[in-house]
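Asks: The structure's right below; bear with me while I get my questions together.
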Amino acid sequence: MIKILSFLGMGLILLSACQSLPQPLAMAVINSWQEALNKGDIERALSYVAEDASVTISPAGPEGDAVFHGHAEIRGWYDTLVGAKGITTLSNCRITGARVTCLDSYTDDGLKAMGIAALKGEWAGAIRGGKIQSYTFTTSQESLAELTAAMAAATQR
C-alpha cells in the first residue's frame with residue numbers, strides 16, 4: 001500500500017513538472033513567430049502556426065476581414081500586414097496551460113500616416129504541440145476611439 005501511494009505521489013510530481021514545460025516552449029514559439037512576422041518572413045512565421053489554425057481580429061477591419069482559417073487565408077492576412085510594414089509587439093504575457101494572453105501593440109505605415117502611434121489591445125492564443133493553434137487580437141476601446149477619430153478626420157480633408 002505504501003509503495004502504491006509513493007508511486008502515485010511520484011506520478012503527480014512528474015505530471016506537474018511536465019505541465020510547467022510548455023510555458024517556456026510557448027513563449028519561444030510566440031517570440032519566434034512575432035520576430036519572423038515583424039521581419040516580413042511570412043513562410044517562417046507560418047511555420048509556427050498550425051495548418052488548421054484560426055486568426056481572429058476584433059473588431060473586423062474596414063474591408064470586413066475578421067477571421068482567417070488555415071495557412072492560405074492566414075498568409076493573405078500576413079501579406080497585408082507585411083505590405084503595410086506592420087510591427088507587432090507583445091508584452092506582459094501570461095500563460096495558463098496552453099493559453100497565452102499578452103498586451104499587444106501594433107503599428108504600420110497607414111496608422112502612422114493617420115497620426116496613430118499604435119493600436120493597442122489584447123493578444124490571446126492557444127499553443128499546442130509547439131504550434132499556434134489560434135489567436136485573437138482584440139483592439140482596446142481607447143485605440144478604437146483614436147482610430148475612429150483619425151478616420152473621420154481623414155474623410156473631412
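Letters A, B, ... mark the chains of the C-alpha cells in the order given; residue numbers begin at 1 per chain; ligand numbers begin at 1, in order shown.
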List every residue of chain A that DSSP, applied to the backbone of this structure, places in alpha helix (DSSP H), and write the result as a ChimeraX atom specification.

Replies: /A:2-20,22-38,42-46,70-83,109-113,141-156

Asks: Which residues are near segment 63-70 of chain A? Cut-off 9 Å, only C-alpha atoms, ignore same chain within fewer than 2 positions. Put them as a ChimeraX atom specification.

Replies: /A:49-61,72-77,136

Asks: Save the residues we just selected, N, CA and C atoms, as an mmCIF file, in the first residue's frame?

Replies:
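Saved the output as out-v3.cif:
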```cif
data_model
loop_
_atom_site.group_PDB
_atom_site.id
_atom_site.type_symbol
_atom_site.label_atom_id
_atom_site.label_comp_id
_atom_site.auth_asym_id
_atom_site.auth_seq_id
_atom_site.Cartn_x
_atom_site.Cartn_y
_atom_site.Cartn_z
ATOM 1 N N VAL A 49 2.701 28.295 -36.967
ATOM 2 C CA VAL A 49 1.234 28.296 -36.925
ATOM 3 C C VAL A 49 0.735 26.951 -37.452
ATOM 4 N N ALA A 50 -0.202 26.334 -36.732
ATOM 5 C CA ALA A 50 -0.774 25.057 -37.168
ATOM 6 C C ALA A 50 -1.466 25.225 -38.523
ATOM 7 N N GLU A 51 -1.434 24.185 -39.339
ATOM 8 C CA GLU A 51 -2.049 24.219 -40.673
ATOM 9 C C GLU A 51 -3.527 24.599 -40.618
ATOM 10 N N ASP A 52 -4.222 24.146 -39.585
ATOM 11 C CA ASP A 52 -5.658 24.406 -39.473
ATOM 12 C C ASP A 52 -5.970 25.505 -38.452
ATOM 13 N N ALA A 53 -5.015 26.355 -38.192
ATOM 14 C CA ALA A 53 -5.179 27.423 -37.197
ATOM 15 C C ALA A 53 -6.228 28.438 -37.639
ATOM 16 N N SER A 54 -6.674 29.238 -36.661
ATOM 17 C CA SER A 54 -7.560 30.344 -36.977
ATOM 18 C C SER A 54 -7.035 31.600 -36.304
ATOM 19 N N VAL A 55 -7.201 32.716 -37.013
ATOM 20 C CA VAL A 55 -6.799 34.028 -36.526
ATOM 21 C C VAL A 55 -8.046 34.910 -36.569
ATOM 22 N N THR A 56 -8.311 35.593 -35.459
ATOM 23 C CA THR A 56 -9.481 36.467 -35.378
ATOM 24 C C THR A 56 -9.031 37.869 -35.012
ATOM 25 N N ILE A 57 -9.523 38.855 -35.760
ATOM 26 C CA ILE A 57 -9.250 40.254 -35.483
ATOM 27 C C ILE A 57 -10.576 40.873 -35.043
ATOM 28 N N SER A 58 -10.566 41.482 -33.870
ATOM 29 C CA SER A 58 -11.801 42.038 -33.329
ATOM 30 C C SER A 58 -11.584 43.477 -32.872
ATOM 31 N N PRO A 59 -12.389 44.391 -33.381
ATOM 32 C CA PRO A 59 -13.438 44.188 -34.379
ATOM 33 C C PRO A 59 -12.833 44.013 -35.771
ATOM 34 N N ALA A 60 -13.678 43.627 -36.705
ATOM 35 C CA ALA A 60 -13.245 43.412 -38.088
ATOM 36 C C ALA A 60 -12.679 44.692 -38.678
ATOM 37 N N GLY A 61 -11.784 44.543 -39.643
ATOM 38 C CA GLY A 61 -11.191 45.683 -40.335
ATOM 39 C C GLY A 61 -12.185 46.350 -41.274
ATOM 40 N N ALA A 72 -3.609 29.241 -45.954
ATOM 41 C CA ALA A 72 -3.851 30.070 -47.146
ATOM 42 C C ALA A 72 -4.481 31.406 -46.767
ATOM 43 N N GLU A 73 -5.519 31.372 -45.938
ATOM 44 C CA GLU A 73 -6.171 32.627 -45.532
ATOM 45 C C GLU A 73 -5.268 33.457 -44.618
ATOM 46 N N ILE A 74 -4.575 32.776 -43.713
ATOM 47 C CA ILE A 74 -3.682 33.497 -42.796
ATOM 48 C C ILE A 74 -2.538 34.137 -43.584
ATOM 49 N N ARG A 75 -2.030 33.435 -44.594
ATOM 50 C CA ARG A 75 -0.969 34.000 -45.441
ATOM 51 C C ARG A 75 -1.465 35.293 -46.109
ATOM 52 N N GLY A 76 -2.690 35.303 -46.565
ATOM 53 C CA GLY A 76 -3.260 36.509 -47.167
ATOM 54 C C GLY A 76 -3.288 37.666 -46.173
ATOM 55 N N TRP A 77 -3.671 37.373 -44.941
ATOM 56 C CA TRP A 77 -3.686 38.395 -43.883
ATOM 57 C C TRP A 77 -2.265 38.886 -43.605
ATOM 58 N N THR A 136 -6.452 35.565 -31.146
ATOM 59 C CA THR A 136 -7.371 36.672 -31.381
ATOM 60 C C THR A 136 -6.687 37.955 -30.939
#
```

Asks: Name the closest residue to Gly86 of chain A among the candidates A:Asp104, A:Glu146, A:Asp41, A:Asp109; distances are taken between atoms, counting only C-alpha atoms.

Replies: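 The shortest atom-to-atom distance to Gly86 of chain A comes from A:Asp109.
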
Asks: Report as a VMD selection string: the residues of chain A with a DSSP assignment of strand (DSSP E), based on the backbone of this structure.

Replies: chain A and resid 49 to 58 67 to 69 87 to 96 99 to 107 119 to 128 131 to 139

Asks: For N, CA and C atoms, I'd like the residues from the last selection saved as a short mmCIF file (atom, residue, chain, number, x, y, z; two decimals), in the first residue's frame.

Replies:
```cif
data_model
loop_
_atom_site.label_atom_id
_atom_site.label_comp_id
_atom_site.auth_asym_id
_atom_site.auth_seq_id
_atom_site.Cartn_x
_atom_site.Cartn_y
_atom_site.Cartn_z
N VAL A 49 2.70 28.30 -36.97
CA VAL A 49 1.23 28.30 -36.93
C VAL A 49 0.74 26.95 -37.45
N ALA A 50 -0.20 26.33 -36.73
CA ALA A 50 -0.77 25.06 -37.17
C ALA A 50 -1.47 25.23 -38.52
N GLU A 51 -1.43 24.19 -39.34
CA GLU A 51 -2.05 24.22 -40.67
C GLU A 51 -3.53 24.60 -40.62
N ASP A 52 -4.22 24.15 -39.58
CA ASP A 52 -5.66 24.41 -39.47
C ASP A 52 -5.97 25.50 -38.45
N ALA A 53 -5.02 26.36 -38.19
CA ALA A 53 -5.18 27.42 -37.20
C ALA A 53 -6.23 28.44 -37.64
N SER A 54 -6.67 29.24 -36.66
CA SER A 54 -7.56 30.34 -36.98
C SER A 54 -7.03 31.60 -36.30
N VAL A 55 -7.20 32.72 -37.01
CA VAL A 55 -6.80 34.03 -36.53
C VAL A 55 -8.05 34.91 -36.57
N THR A 56 -8.31 35.59 -35.46
CA THR A 56 -9.48 36.47 -35.38
C THR A 56 -9.03 37.87 -35.01
N ILE A 57 -9.52 38.85 -35.76
CA ILE A 57 -9.25 40.25 -35.48
C ILE A 57 -10.58 40.87 -35.04
N SER A 58 -10.57 41.48 -33.87
CA SER A 58 -11.80 42.04 -33.33
C SER A 58 -11.58 43.48 -32.87
N VAL A 67 -11.90 36.94 -39.58
CA VAL A 67 -11.49 35.59 -39.20
C VAL A 67 -10.81 34.94 -40.40
N PHE A 68 -9.65 34.34 -40.12
CA PHE A 68 -8.86 33.70 -41.16
C PHE A 68 -8.58 32.27 -40.71
N HIS A 69 -8.92 31.28 -41.57
CA HIS A 69 -8.76 29.87 -41.24
C HIS A 69 -7.72 29.24 -42.15
N ILE A 87 4.24 46.06 -37.53
CA ILE A 87 5.09 45.59 -36.44
C ILE A 87 4.19 45.31 -35.24
N THR A 88 4.27 44.08 -34.74
CA THR A 88 3.53 43.67 -33.55
C THR A 88 4.50 43.54 -32.40
N THR A 89 4.14 44.10 -31.26
CA THR A 89 4.95 43.96 -30.06
C THR A 89 4.07 43.38 -28.96
N LEU A 90 4.42 42.18 -28.52
CA LEU A 90 3.69 41.54 -27.43
C LEU A 90 4.47 41.73 -26.14
N SER A 91 3.75 42.00 -25.05
CA SER A 91 4.41 42.20 -23.75
C SER A 91 3.50 41.70 -22.64
N ASN A 92 4.06 41.60 -21.45
CA ASN A 92 3.32 41.17 -20.26
C ASN A 92 2.50 39.91 -20.51
N CYS A 93 3.11 38.93 -21.11
CA CYS A 93 2.40 37.68 -21.43
C CYS A 93 2.17 36.84 -20.18
N ARG A 94 1.00 36.24 -20.14
CA ARG A 94 0.63 35.33 -19.06
C ARG A 94 0.26 34.00 -19.70
N ILE A 95 0.74 32.93 -19.09
CA ILE A 95 0.49 31.59 -19.63
C ILE A 95 -0.28 30.78 -18.60
N THR A 96 -1.38 30.20 -19.05
CA THR A 96 -2.18 29.31 -18.22
C THR A 96 -2.44 28.07 -19.05
N ARG A 99 -3.01 28.27 -22.92
CA ARG A 99 -3.48 29.62 -23.25
C ARG A 99 -2.42 30.66 -22.93
N VAL A 100 -2.23 31.59 -23.85
CA VAL A 100 -1.30 32.69 -23.66
C VAL A 100 -2.06 33.99 -23.90
N THR A 101 -1.93 34.92 -22.98
CA THR A 101 -2.57 36.23 -23.12
C THR A 101 -1.49 37.29 -22.95
N CYS A 102 -1.43 38.23 -23.90
CA CYS A 102 -0.41 39.29 -23.88
C CYS A 102 -1.05 40.63 -24.19
N LEU A 103 -0.38 41.69 -23.77
CA LEU A 103 -0.72 43.01 -24.27
C LEU A 103 -0.11 43.09 -25.65
N ASP A 104 -0.82 43.71 -26.59
CA ASP A 104 -0.36 43.79 -27.97
C ASP A 104 -0.38 45.24 -28.41
N SER A 105 0.70 45.65 -29.04
CA SER A 105 0.79 46.97 -29.64
C SER A 105 1.15 46.76 -31.10
N TYR A 106 0.30 47.23 -32.00
CA TYR A 106 0.52 47.04 -33.45
C TYR A 106 0.61 48.40 -34.12
N THR A 107 1.61 48.54 -34.98
CA THR A 107 1.72 49.76 -35.77
C THR A 107 2.07 49.39 -37.21
N LEU A 119 -2.01 50.72 -32.46
CA LEU A 119 -3.26 50.18 -31.93
C LEU A 119 -2.87 49.25 -30.79
N LYS A 120 -3.54 49.40 -29.68
CA LYS A 120 -3.24 48.57 -28.52
C LYS A 120 -4.42 47.68 -28.22
N GLY A 121 -4.13 46.54 -27.65
CA GLY A 121 -5.19 45.61 -27.31
C GLY A 121 -4.64 44.38 -26.65
N GLU A 122 -5.41 43.30 -26.77
CA GLU A 122 -5.03 42.03 -26.16
C GLU A 122 -4.83 40.98 -27.25
N TRP A 123 -3.77 40.22 -27.11
CA TRP A 123 -3.49 39.06 -27.96
C TRP A 123 -3.72 37.84 -27.09
N ALA A 124 -4.64 36.97 -27.49
CA ALA A 124 -4.92 35.75 -26.73
C ALA A 124 -4.83 34.57 -27.68
N GLY A 125 -3.98 33.62 -27.34
CA GLY A 125 -3.78 32.49 -28.23
C GLY A 125 -3.70 31.16 -27.52
N ALA A 126 -3.72 30.10 -28.30
CA ALA A 126 -3.57 28.74 -27.79
C ALA A 126 -2.38 28.10 -28.50
N ILE A 127 -1.49 27.52 -27.70
CA ILE A 127 -0.29 26.87 -28.23
C ILE A 127 -0.36 25.40 -27.85
N ARG A 128 -0.28 24.53 -28.85
CA ARG A 128 -0.25 23.09 -28.61
C ARG A 128 0.72 22.44 -29.58
N LYS A 131 2.98 24.65 -31.78
CA LYS A 131 2.39 25.48 -32.84
C LYS A 131 1.28 26.36 -32.26
N ILE A 132 1.10 27.53 -32.87
CA ILE A 132 -0.01 28.39 -32.52
C ILE A 132 -1.25 27.79 -33.18
N GLN A 133 -2.22 27.40 -32.35
CA GLN A 133 -3.46 26.78 -32.85
C GLN A 133 -4.48 27.85 -33.24
N SER A 134 -4.48 28.93 -32.48
CA SER A 134 -5.40 30.03 -32.75
C SER A 134 -4.94 31.24 -31.97
N TYR A 135 -5.35 32.41 -32.46
CA TYR A 135 -5.17 33.62 -31.66
C TYR A 135 -6.17 34.67 -32.09
N THR A 136 -6.45 35.56 -31.15
CA THR A 136 -7.37 36.67 -31.38
C THR A 136 -6.69 37.95 -30.94
N PHE A 137 -6.74 38.97 -31.80
CA PHE A 137 -6.30 40.30 -31.40
C PHE A 137 -7.56 41.13 -31.22
N THR A 138 -7.75 41.64 -30.00
CA THR A 138 -8.90 42.47 -29.69
C THR A 138 -8.40 43.88 -29.39
N THR A 139 -8.77 44.82 -30.24
CA THR A 139 -8.34 46.21 -30.09
C THR A 139 -9.04 46.83 -28.88
#
```

Asks: Interatomic distance between atom CA of Ala152 of chain A and atom CA of Ala118 of chain A?

Replies: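 So the answer is 17.3 Å.
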
Asks: May I ask for the distance between atom CA of Leu46 of chain A and atom CA of Gln34 of chain A, given in Å to one decimal place?

Replies: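 Result for atom CA of Leu46 of chain A versus atom CA of Gln34 of chain A: 10.4 Å, one decimal.
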
Asks: Would you work out the distance separating atom CA of Gly97 of chain A from atom CA of Lys39 of chain A, expressed in Å to one decimal?

Replies: 28.6 Å

Asks: Compile the contact shell of Val82 of chain A as a list in words: residues with an atom at most 8 Å away, counting only C-alpha atoms, same-chain residues fewer than 6 positions apart removed.

Replies: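 Here the qualifying residues turn out to be Leu37, Asn38 and Gly40 of chain A.
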
Asks: How about saving the chosen residues, C-alpha atoms kept, as a PDB file, in the first residue's frame?

Replies:
```pdb
ATOM      1  CA  LEU A  37       6.358  38.292 -38.996  1.00  0.00           C
ATOM      2  CA  ASN A  38       7.911  41.621 -37.996  1.00  0.00           C
ATOM      3  CA  GLY A  40       8.360  40.170 -43.185  1.00  0.00           C
TER       4      GLY A  40
END
```

Asks: With distances taken over only C-alpha atoms, which residue among A:Ala98, A:Met114, A:Tyr78, A:Gly83 lies nearest Ala36 of chain A?

Replies: A:Tyr78
